[in-house]
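K.L.:
What follows is my_file.txt, compact mmCIF, C-alpha atoms and all ligand atoms.
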# COMPACT_ATOMS: atom_id res chain seq x y z
CA MET A 1 -38.93 58.51 7.57
CA VAL A 2 -41.79 59.49 5.26
CA THR A 3 -40.22 57.49 2.42
CA HIS A 4 -40.11 54.44 4.67
CA LEU A 5 -43.71 55.00 5.71
CA ILE A 6 -44.85 55.05 2.11
CA GLN A 7 -43.05 51.75 1.58
CA GLY A 8 -45.10 50.37 4.47
CA ASP A 9 -42.24 50.00 6.95
CA PRO A 10 -43.89 49.18 10.31
CA ALA A 11 -41.12 50.89 12.31
CA ALA A 12 -41.66 54.13 10.38
CA ILE A 13 -45.44 53.89 10.84
CA ALA A 14 -44.99 53.37 14.58
CA ARG A 15 -42.57 56.25 14.95
CA LEU A 16 -44.74 58.69 13.01
CA ILE A 17 -47.84 57.69 14.98
CA THR A 18 -45.88 58.41 18.15
CA LEU A 19 -45.18 61.92 16.85
CA VAL A 20 -48.92 62.39 16.45
CA GLU A 21 -49.62 61.06 19.93
CA ASN A 22 -47.05 63.42 21.40
CA ASP A 23 -48.50 66.31 19.44
CA SER A 24 -45.03 66.94 18.00
CA PRO A 25 -44.39 70.14 16.04
CA LYS A 26 -43.23 67.86 13.20
CA VAL A 27 -46.77 66.59 12.59
CA PRO A 28 -47.89 69.31 10.13
CA GLU A 29 -44.87 68.82 7.84
CA THR A 30 -45.33 65.04 7.98
CA ILE A 31 -48.97 65.23 7.02
CA LYS A 32 -48.08 67.70 4.27
CA ALA A 33 -45.59 65.19 2.85
CA ILE A 34 -47.98 62.22 2.93
CA HIS A 35 -51.31 63.79 2.02
CA GLY A 36 -50.81 63.08 -1.68
CA TYR A 37 -50.53 59.36 -0.89
CA THR A 38 -53.80 59.13 1.03
CA GLY A 39 -57.35 58.41 -0.07
CA LYS A 40 -56.77 54.86 -1.26
CA ALA A 41 -57.74 52.87 1.84
CA HIS A 42 -61.25 51.75 2.72
CA VAL A 43 -61.77 53.20 6.20
CA ILE A 44 -64.15 51.15 8.34
CA GLY A 45 -65.45 52.41 11.68
CA ILE A 46 -66.61 49.81 14.20
CA THR A 47 -68.58 51.01 17.18
CA GLY A 48 -71.08 49.70 19.71
CA THR A 49 -71.68 49.19 23.41
CA MET A 50 -68.90 47.85 25.63
CA GLY A 51 -68.17 44.17 25.34
CA THR A 52 -70.25 43.43 22.25
CA GLY A 53 -67.24 41.76 20.65
CA LYS A 54 -65.92 44.55 18.44
CA SER A 55 -62.25 43.67 18.95
CA THR A 56 -62.94 39.98 18.40
CA LEU A 57 -64.86 40.81 15.23
CA ILE A 58 -62.01 43.02 14.01
CA GLY A 59 -59.57 40.15 14.59
CA THR A 60 -61.77 37.75 12.63
CA LEU A 61 -62.38 40.24 9.80
CA THR A 62 -58.67 41.00 9.61
CA ARG A 63 -57.78 37.34 9.19
CA ALA A 64 -60.34 37.07 6.40
CA TYR A 65 -58.88 40.13 4.66
CA ARG A 66 -55.39 38.73 5.00
CA GLU A 67 -56.56 35.58 3.24
CA GLN A 68 -57.66 37.82 0.37
CA GLY A 69 -54.16 39.27 0.37
CA LYS A 70 -55.28 42.67 1.68
CA THR A 71 -53.28 44.63 4.24
CA VAL A 72 -54.99 46.01 7.32
CA GLY A 73 -54.39 48.86 9.78
CA ILE A 74 -56.25 48.75 13.10
CA VAL A 75 -56.72 51.70 15.45
CA GLY A 76 -58.28 51.05 18.83
CA ILE A 77 -59.40 54.12 20.70
CA ASP A 78 -59.19 54.13 24.49
CA PRO A 79 -56.61 51.58 25.54
CA THR A 80 -58.73 50.47 28.49
CA SER A 81 -60.96 48.77 26.00
CA TRP A 82 -58.35 47.73 23.52
CA PHE A 83 -55.46 46.26 25.41
CA SER A 84 -55.84 46.55 29.16
CA GLY A 85 -59.52 46.37 30.13
CA GLY A 86 -62.10 43.60 30.58
CA ALA A 87 -61.41 40.62 28.40
CA LEU A 88 -58.13 41.94 27.23
CA LEU A 89 -55.82 39.16 28.11
CA GLY A 90 -57.90 36.90 25.91
CA ASP A 91 -57.91 39.54 23.19
CA ARG A 92 -54.20 39.96 23.33
CA ILE A 93 -53.66 36.26 22.90
CA ARG A 94 -56.11 36.17 20.00
CA MET A 95 -54.41 39.15 18.38
CA GLN A 96 -50.92 37.74 18.74
CA ASP A 97 -50.83 36.14 15.30
CA LEU A 98 -51.90 39.46 13.81
CA ALA A 99 -49.34 41.47 15.75
CA THR A 100 -46.51 39.56 14.12
CA ASP A 101 -48.00 39.73 10.61
CA PRO A 102 -46.18 42.43 8.56
CA GLY A 103 -49.41 42.99 6.59
CA VAL A 104 -51.21 44.13 9.74
CA PHE A 105 -50.52 47.18 11.87
CA ILE A 106 -52.28 47.49 15.24
CA ARG A 107 -52.17 50.58 17.41
CA SER A 108 -54.20 51.71 20.40
CA MET A 109 -54.66 55.39 21.13
CA GLY A 110 -54.89 56.85 24.59
CA THR A 111 -57.28 59.61 25.44
CA ARG A 112 -54.90 61.40 27.79
CA GLY A 113 -52.95 64.50 26.98
CA THR A 114 -54.73 65.25 23.77
CA LEU A 115 -55.68 68.86 24.18
CA GLY A 116 -59.10 68.92 22.54
CA GLY A 117 -57.45 66.92 19.85
CA LEU A 118 -58.14 63.21 20.10
CA THR A 119 -60.34 63.36 17.04
CA SER A 120 -57.79 65.30 15.06
CA SER A 121 -55.05 62.87 16.17
CA ILE A 122 -57.12 59.97 14.89
CA TYR A 123 -57.48 61.69 11.53
CA ASP A 124 -53.68 61.92 11.40
CA VAL A 125 -53.19 58.28 12.38
CA VAL A 126 -55.69 57.15 9.74
CA ALA A 127 -53.85 59.29 7.17
CA LEU A 128 -50.51 57.71 8.13
CA LEU A 129 -51.89 54.18 7.79
CA ASP A 130 -53.54 55.12 4.50
CA ALA A 131 -50.27 56.51 3.11
CA SER A 132 -48.46 53.40 4.31
CA GLY A 133 -50.51 51.48 1.75
CA LYS A 134 -52.96 49.63 3.97
CA ASP A 135 -55.94 48.48 1.91
CA ILE A 136 -58.29 48.44 4.90
CA ILE A 137 -58.20 50.65 7.99
CA VAL A 138 -60.42 49.74 10.93
CA VAL A 139 -61.11 52.21 13.74
CA GLU A 140 -62.71 50.78 16.90
CA THR A 141 -64.59 53.02 19.33
CA VAL A 142 -66.73 52.15 22.35
CA GLY A 143 -70.16 53.48 23.09
CA VAL A 144 -72.73 55.54 21.31
CA GLY A 145 -71.82 59.07 22.34
CA GLN A 146 -70.91 62.18 20.41
CA SER A 147 -67.27 61.19 20.04
CA GLU A 148 -68.27 57.95 18.32
CA ILE A 149 -70.48 59.93 15.99
CA ASP A 150 -67.53 62.25 15.28
CA ILE A 151 -65.31 59.29 14.60
CA ALA A 152 -67.92 57.71 12.37
CA LYS A 153 -67.60 60.78 10.18
CA MET A 154 -64.09 59.74 9.25
CA ALA A 155 -65.12 56.26 8.11
CA ASP A 156 -66.31 55.32 4.65
CA THR A 157 -68.31 52.49 6.17
CA THR A 158 -69.54 52.38 9.76
CA ILE A 159 -70.50 49.10 11.40
CA VAL A 160 -72.51 49.14 14.61
CA VAL A 161 -72.10 45.96 16.65
CA THR A 162 -74.83 44.84 19.03
CA VAL A 163 -75.60 41.59 20.84
CA PRO A 164 -78.81 39.63 21.51
CA GLY A 165 -80.91 40.67 24.50
CA LEU A 166 -80.78 43.75 26.73
CA GLY A 167 -82.85 45.75 24.25
CA ASP A 168 -79.57 47.13 23.03
CA SER A 169 -81.00 47.57 19.57
CA ILE A 170 -83.64 49.97 20.84
CA GLN A 171 -81.08 51.93 22.80
CA THR A 172 -78.77 52.33 19.86
CA ILE A 173 -81.59 53.56 17.69
CA LYS A 174 -82.67 56.05 20.33
CA ALA A 175 -79.10 57.28 20.60
CA GLY A 176 -79.21 58.21 16.94
CA ILE A 177 -76.85 55.47 15.94
CA THR A 178 -79.01 54.62 12.92
CA GLU A 179 -77.79 57.86 11.42
CA ILE A 180 -74.23 56.64 11.39
CA ALA A 181 -74.71 52.89 10.82
CA ASP A 182 -74.16 51.56 7.33
CA ILE A 183 -74.21 47.97 8.53
CA PHE A 184 -75.53 46.40 11.73
CA VAL A 185 -73.94 43.26 13.09
CA VAL A 186 -75.70 41.30 15.81
CA ASN A 187 -72.67 39.52 17.22
CA LYS A 188 -72.64 36.57 19.64
CA ALA A 189 -75.27 34.89 17.48
CA ASP A 190 -74.17 31.67 19.17
CA GLN A 191 -76.17 32.94 22.15
CA PRO A 192 -79.98 32.81 22.38
CA GLY A 193 -82.10 35.65 21.02
CA ALA A 194 -80.03 36.58 17.97
CA ASP A 195 -82.83 36.05 15.46
CA GLU A 196 -85.18 38.21 17.52
CA ALA A 197 -82.56 40.95 17.78
CA VAL A 198 -82.05 40.92 14.02
CA LEU A 199 -85.79 41.05 13.42
CA GLN A 200 -86.29 43.87 15.91
CA LEU A 201 -83.54 45.96 14.38
CA GLN A 202 -84.80 45.24 10.89
CA GLN A 203 -88.29 46.43 11.80
CA MET A 204 -86.95 49.63 13.33
CA LEU A 205 -84.89 50.30 10.26
CA ASP A 206 -87.80 49.66 7.92
CA MET A 207 -89.65 52.46 9.69
CA ASN A 208 -86.78 54.91 9.54
CA GLN A 209 -85.11 54.00 6.31
CA LEU A 210 -85.40 56.60 3.61
CA ASP A 211 -82.03 56.25 1.96
CA THR A 212 -81.26 54.26 -1.17
CA TRP A 213 -78.73 52.23 0.80
CA GLN A 214 -80.59 49.43 2.57
CA ILE A 215 -78.79 49.01 5.90
CA PRO A 216 -78.24 45.28 6.29
CA VAL A 217 -78.70 43.64 9.69
CA LEU A 218 -76.40 40.64 9.86
CA SER A 219 -75.86 38.08 12.55
CA ALA A 220 -72.41 36.75 13.27
CA SER A 221 -70.33 34.96 15.81
CA ALA A 222 -66.92 36.58 15.82
CA HIS A 223 -65.84 33.93 18.28
CA GLN A 224 -66.59 31.04 15.96
CA GLY A 225 -65.92 32.92 12.73
CA LYS A 226 -69.53 32.42 11.65
CA GLY A 227 -71.22 34.94 9.35
CA ILE A 228 -67.95 36.75 8.69
CA SER A 229 -67.93 36.29 4.93
CA VAL A 230 -71.38 37.87 4.79
CA VAL A 231 -70.08 40.86 6.76
CA ILE A 232 -67.15 41.22 4.36
CA GLU A 233 -69.54 41.02 1.42
CA ALA A 234 -71.72 43.75 2.93
CA ILE A 235 -68.66 45.97 3.47
CA ASP A 236 -67.62 45.50 -0.18
CA LYS A 237 -71.18 46.12 -1.36
CA HIS A 238 -71.32 49.32 0.66
CA MET A 239 -68.13 50.59 -0.96
CA ASP A 240 -69.55 49.74 -4.41
CA PHE A 241 -72.68 51.67 -3.50
CA LEU A 242 -70.62 54.68 -2.37
CA VAL A 243 -68.65 54.69 -5.60
CA THR A 244 -71.54 54.16 -8.02
CA SER A 245 -73.78 56.71 -6.27
CA ASN A 246 -70.95 59.28 -6.04
CA ARG A 247 -71.40 59.23 -2.28
CA LEU A 248 -67.79 58.40 -1.61
CA GLU A 249 -66.61 61.84 -2.69
CA GLU A 250 -69.40 63.46 -0.71
CA ARG A 251 -68.61 61.47 2.41
CA ARG A 252 -64.92 62.20 2.18
CA ALA A 253 -65.57 65.89 1.66
CA THR A 254 -67.57 65.80 4.89
CA ARG A 255 -64.63 64.04 6.51
CA TYR A 256 -62.17 66.70 5.38
CA GLU A 257 -64.49 69.45 6.50
CA SER A 258 -64.75 67.94 9.99
CA GLU A 259 -61.00 67.45 10.08
CA LEU A 260 -60.35 71.02 9.06
CA LEU A 261 -62.70 72.34 11.73
CA GLU A 262 -61.10 70.07 14.33
CA LEU A 263 -57.66 71.36 13.41
CA ILE A 264 -58.74 74.97 13.63
CA LYS A 265 -60.34 74.27 17.01
CA LYS A 266 -57.19 72.55 18.24
CA ARG A 267 -54.91 75.36 17.05
CA LEU A 268 -57.14 78.03 18.53
CA MET A 269 -57.19 76.14 21.81
CA HIS A 270 -53.39 76.06 21.86
CA LEU A 271 -53.23 79.71 20.98
CA ILE A 272 -55.65 80.72 23.71
CA LEU A 273 -54.04 78.66 26.44
CA ASP A 274 -50.46 79.58 25.52
CA GLU A 275 -51.13 83.29 25.22
CA SER A 276 -53.26 83.49 28.30
CA ARG A 277 -50.82 81.52 30.40
CA LEU A 278 -48.08 83.94 29.38
CA GLN A 279 -50.01 86.89 30.57
CA GLY A 280 -51.83 85.29 33.48
CA THR A 281 -54.96 86.58 31.84
CA ILE A 282 -57.23 83.66 32.62
CA GLU A 283 -56.34 83.76 36.31
CA SER A 284 -56.95 87.45 36.67
CA LEU A 285 -60.22 87.26 34.74
CA VAL A 286 -61.42 84.37 36.89
CA GLU A 287 -60.71 86.50 39.95
CA LYS A 288 -62.73 89.34 38.48
CA ILE A 289 -65.61 86.97 37.72
CA SER A 290 -65.53 85.69 41.32
CA ARG A 291 -65.56 89.24 42.69
CA ARG A 292 -68.48 90.10 40.40
CA GLU A 293 -66.36 92.72 38.69
CA MET A 294 -66.85 91.04 35.35
CA ASP A 295 -69.23 88.46 33.91
CA PRO A 296 -67.99 85.28 32.17
CA HIS A 297 -69.18 86.35 28.71
CA SER A 298 -67.32 89.64 28.83
CA ALA A 299 -64.24 87.82 30.10
CA ALA A 300 -64.33 85.39 27.15
CA GLU A 301 -64.70 88.29 24.75
CA ASN A 302 -61.82 90.06 26.45
CA ILE A 303 -59.52 87.06 25.88
CA LEU A 304 -60.58 86.55 22.27
CA LYS A 305 -60.00 90.21 21.48
CA LYS A 306 -56.49 90.00 22.87
CA ILE A 307 -55.66 86.89 20.83
CA LEU A 308 -57.19 88.00 17.57
CA LYS A 309 -55.79 91.51 17.54
N1 LIG A 401 -70.30 33.97 22.91
C1 LIG A 401 -69.59 34.85 22.21
N2 LIG A 401 -68.72 35.64 22.84
C2 LIG A 401 -68.01 36.52 22.10
C3 LIG A 401 -68.16 36.63 20.71
N3 LIG A 401 -67.33 37.59 20.25
C4 LIG A 401 -66.69 38.07 21.33
N4 LIG A 401 -67.08 37.43 22.46
C5 LIG A 401 -66.60 37.63 23.83
O1 LIG A 401 -67.09 38.86 24.32
C6 LIG A 401 -66.14 39.47 25.20
C7 LIG A 401 -65.86 40.88 24.73
O2 LIG A 401 -65.19 40.82 23.48
P1 LIG A 401 -64.36 42.02 22.89
O3 LIG A 401 -64.00 41.63 21.50
O4 LIG A 401 -63.31 42.42 23.81
O5 LIG A 401 -65.50 43.12 22.87
P2 LIG A 401 -65.36 44.67 22.59
O6 LIG A 401 -66.66 45.11 22.04
O7 LIG A 401 -64.16 44.96 21.79
O8 LIG A 401 -65.17 45.21 24.05
P3 LIG A 401 -64.78 46.71 24.49
O9 LIG A 401 -63.69 47.15 23.55
O10 LIG A 401 -64.34 46.57 25.90
O11 LIG A 401 -66.03 47.51 24.33
C8 LIG A 401 -64.92 38.57 25.18
O12 LIG A 401 -64.95 37.74 26.30
C9 LIG A 401 -65.09 37.77 23.91
O13 LIG A 401 -64.45 36.52 23.98
C10 LIG A 401 -69.09 35.76 20.06
O14 LIG A 401 -69.29 35.76 18.85
N5 LIG A 401 -69.77 34.91 20.86
MG MG A 402 -62.56 46.28 22.13
Can you turn what I pasted into structure tokens?
Ligand SMILES: Nc1nc2c(ncn2[C@@H]2O[C@H](COP(=O)(O)OP(=O)(O)OP(=O)(O)O)[C@@H](O)[C@H]2O)c(=O)[nH]1
Ligand SMILES: [Mg+2]
P.N.:
Amino acid sequence: MVTHLIQGDPAAIARLITLVENDSPKVPETIKAIHGYTGKAHVIGITGTMGTGKSTLIGTLTRAYREQGKTVGIVGIDPTSWFSGGALLGDRIRMQDLATDPGVFIRSMGTRGTLGGLTSSIYDVVALLDASGKDIIVVETVGVGQSEIDIAKMADTTIVVTVPGLGDSIQTIKAGITEIADIFVVNKADQPGADEAVLQLQQMLDMNQLDTWQIPVLSASAHQGKGISVVIEAIDKHMDFLVTSNRLEERRATRYESELLELIKKRLMHLILDESRLQGTIESLVEKISRREMDPHSAAENILKKILK
């Protein structure tokens, strides 16, 4: 199956992603076999508040990349936003042409059943798409929380999408999103207030910007396909900047470090829960804590000692 994946066979990609989603014991050997084929794709993270038009923008960007002859992998996180929530019927219809294009692979990832491991699963999915030869991989996440910041760590280029009005720009800056944004897109520029939103963001950035990369604030209408070529240009320019400043290696090293830590966390979690379940340890310790026979810290230490011995 790995050979087929490397040839870009969509059925093989789908099957291997399913292994990851099911947390199959075959995942480690698969990743071992494909790791040498990864590192070629440009990984783009797209995040922002709900409903700002991220999926629509991804659709429009993908069509533009296809015109350039580039292949694209798309990972949507949280299926409620990607395929079944809000404006999803519309999205699904808009995405239909892409879903049948062999140069595009679209997959949504659920958040259920991933034992402390959604982030590590996404790393694996990105690796699979990378090894399958996709030139561009886009990861969509909703919101501005810690998990989005974690996911931004796996992208080479992170785009934060906002819309005019609602003071969204101020909120995103307060939420520390400036630290992860490489490019801002004010989408829905067909609606009033786009110029003001761009200006406001630009001013905020001017105050905070210390880096040599000047974060561009672009306006676009994903709906109408307006401003898309400028976004693509900015993405390319950012990659050039990463390469010429040697930041790409640095950024990817950070990515691998986060991935490694995530994997260790996930494995430890499995170890703890499996072992403890076997021995009923957690239950009996919880009882002791309730009866004030033991405090929670000592109980945690007790479990760790048992596992690590
Ligand atoms: N007016 C206008 N509407 C847009 C534009 N882009 C997207 N929309 C609409 O905004 C709504 C949300 O679009 P999505 O692409 O689903 O937004 P999203 O950010 O992916 O949404 P979530 O994944 O749920 O956070 C849909 O009704 C789109 O048709 C745009 O450029 N202009
Ligand atoms: Mg979406």
K.L.:
So that I can see what lies close to Ile159 of chain A, please list as number ranges by chain the residues with an atom at most 12 Å from it, counting all atoms listed in the file and leaving out residues fewer than 2 positions away in the same chain.
P.N.:
A: 43-48, 54, 57-58, 138-142, 148-149, 151-152, 155-157, 161-162, 177-187, 215-218, 231-232, 234-235, 238
K.L.:
Taking all atoms listed in the file into account, name the residue in A:Ser219, A:Asn302, A:Gln7, A:Gln224 that is nearest to Thr60 of chain A.
P.N.:
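Ranking A:Ser219, A:Asn302, A:Gln7, A:Gln224 by distance to Thr60 of chain A, first place goes to A:Gln224.
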K.L.:
Can you tell me, as a PyMOL selection string, what residues are no more than 12 Å from Arg255 of chain A when counting only C-alpha atoms, ignoring any on the same chain fewer than 2 positions away?
P.N.:
chain A and resi 39+43+119-120+122-123+126-127+149-156+248-253+257-262
K.L.:
Take the residues that were just selected and, keeping C-alpha atoms, output them as a PDB file, in the frame of the given file.
P.N.:
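Full text of part.pdb as output:
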ATOM      1  CA  GLY A  39     -57.350  58.410  -0.070  1.00  0.00           C
ATOM      2  CA  VAL A  43     -61.770  53.200   6.200  1.00  0.00           C
ATOM      3  CA  THR A 119     -60.340  63.360  17.040  1.00  0.00           C
ATOM      4  CA  SER A 120     -57.790  65.300  15.060  1.00  0.00           C
ATOM      5  CA  ILE A 122     -57.120  59.970  14.890  1.00  0.00           C
ATOM      6  CA  TYR A 123     -57.480  61.690  11.530  1.00  0.00           C
ATOM      7  CA  VAL A 126     -55.690  57.150   9.740  1.00  0.00           C
ATOM      8  CA  ALA A 127     -53.850  59.290   7.170  1.00  0.00           C
ATOM      9  CA  ILE A 149     -70.480  59.930  15.990  1.00  0.00           C
ATOM     10  CA  ASP A 150     -67.530  62.250  15.280  1.00  0.00           C
ATOM     11  CA  ILE A 151     -65.310  59.290  14.600  1.00  0.00           C
ATOM     12  CA  ALA A 152     -67.920  57.710  12.370  1.00  0.00           C
ATOM     13  CA  LYS A 153     -67.600  60.780  10.180  1.00  0.00           C
ATOM     14  CA  MET A 154     -64.090  59.740   9.250  1.00  0.00           C
ATOM     15  CA  ALA A 155     -65.120  56.260   8.110  1.00  0.00           C
ATOM     16  CA  ASP A 156     -66.310  55.320   4.650  1.00  0.00           C
ATOM     17  CA  LEU A 248     -67.790  58.400  -1.610  1.00  0.00           C
ATOM     18  CA  GLU A 249     -66.610  61.840  -2.690  1.00  0.00           C
ATOM     19  CA  GLU A 250     -69.400  63.460  -0.710  1.00  0.00           C
ATOM     20  CA  ARG A 251     -68.610  61.470   2.410  1.00  0.00           C
ATOM     21  CA  ARG A 252     -64.920  62.200   2.180  1.00  0.00           C
ATOM     22  CA  ALA A 253     -65.570  65.890   1.660  1.00  0.00           C
ATOM     23  CA  GLU A 257     -64.490  69.450   6.500  1.00  0.00           C
ATOM     24  CA  SER A 258     -64.750  67.940   9.990  1.00  0.00           C
ATOM     25  CA  GLU A 259     -61.000  67.450  10.080  1.00  0.00           C
ATOM     26  CA  LEU A 260     -60.350  71.020   9.060  1.00  0.00           C
ATOM     27  CA  LEU A 261     -62.700  72.340  11.730  1.00  0.00           C
ATOM     28  CA  GLU A 262     -61.100  70.070  14.330  1.00  0.00           C
TER      29      GLU A 262
END
K.L.:
For a cut-off of 9 Å around (-50.3, 40.0, 2.4), file coordinates, pick out all residues using all atoms listed in the file and list them as a ChimeraX atom specification.
P.N.:
/A:65-71,101-104
K.L.:
Choose the residue, out of A:Val75, A:Leu304, A:Ala14, A:Val20, that has the smallest atom-to-atom separation from ligand LIG 401 (chain A); count all atoms listed in the file.
P.N.:
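Among the listed residues, the smallest separation from ligand LIG 401 (chain A) belongs to A:Val75.
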K.L.:
Rounded to one decimal, what separation in Å do you get between atom CA of Val125 of chain A and atom CA of Thr100 of chain A?
P.N.:
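Atom CA of Val125 of chain A sits 20.0 Å away from atom CA of Thr100 of chain A.
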K.L.:
How many Å separate atom CA of Leu16 of chain A from atom CA of Ser132 of chain A?
P.N.:
10.8 Å
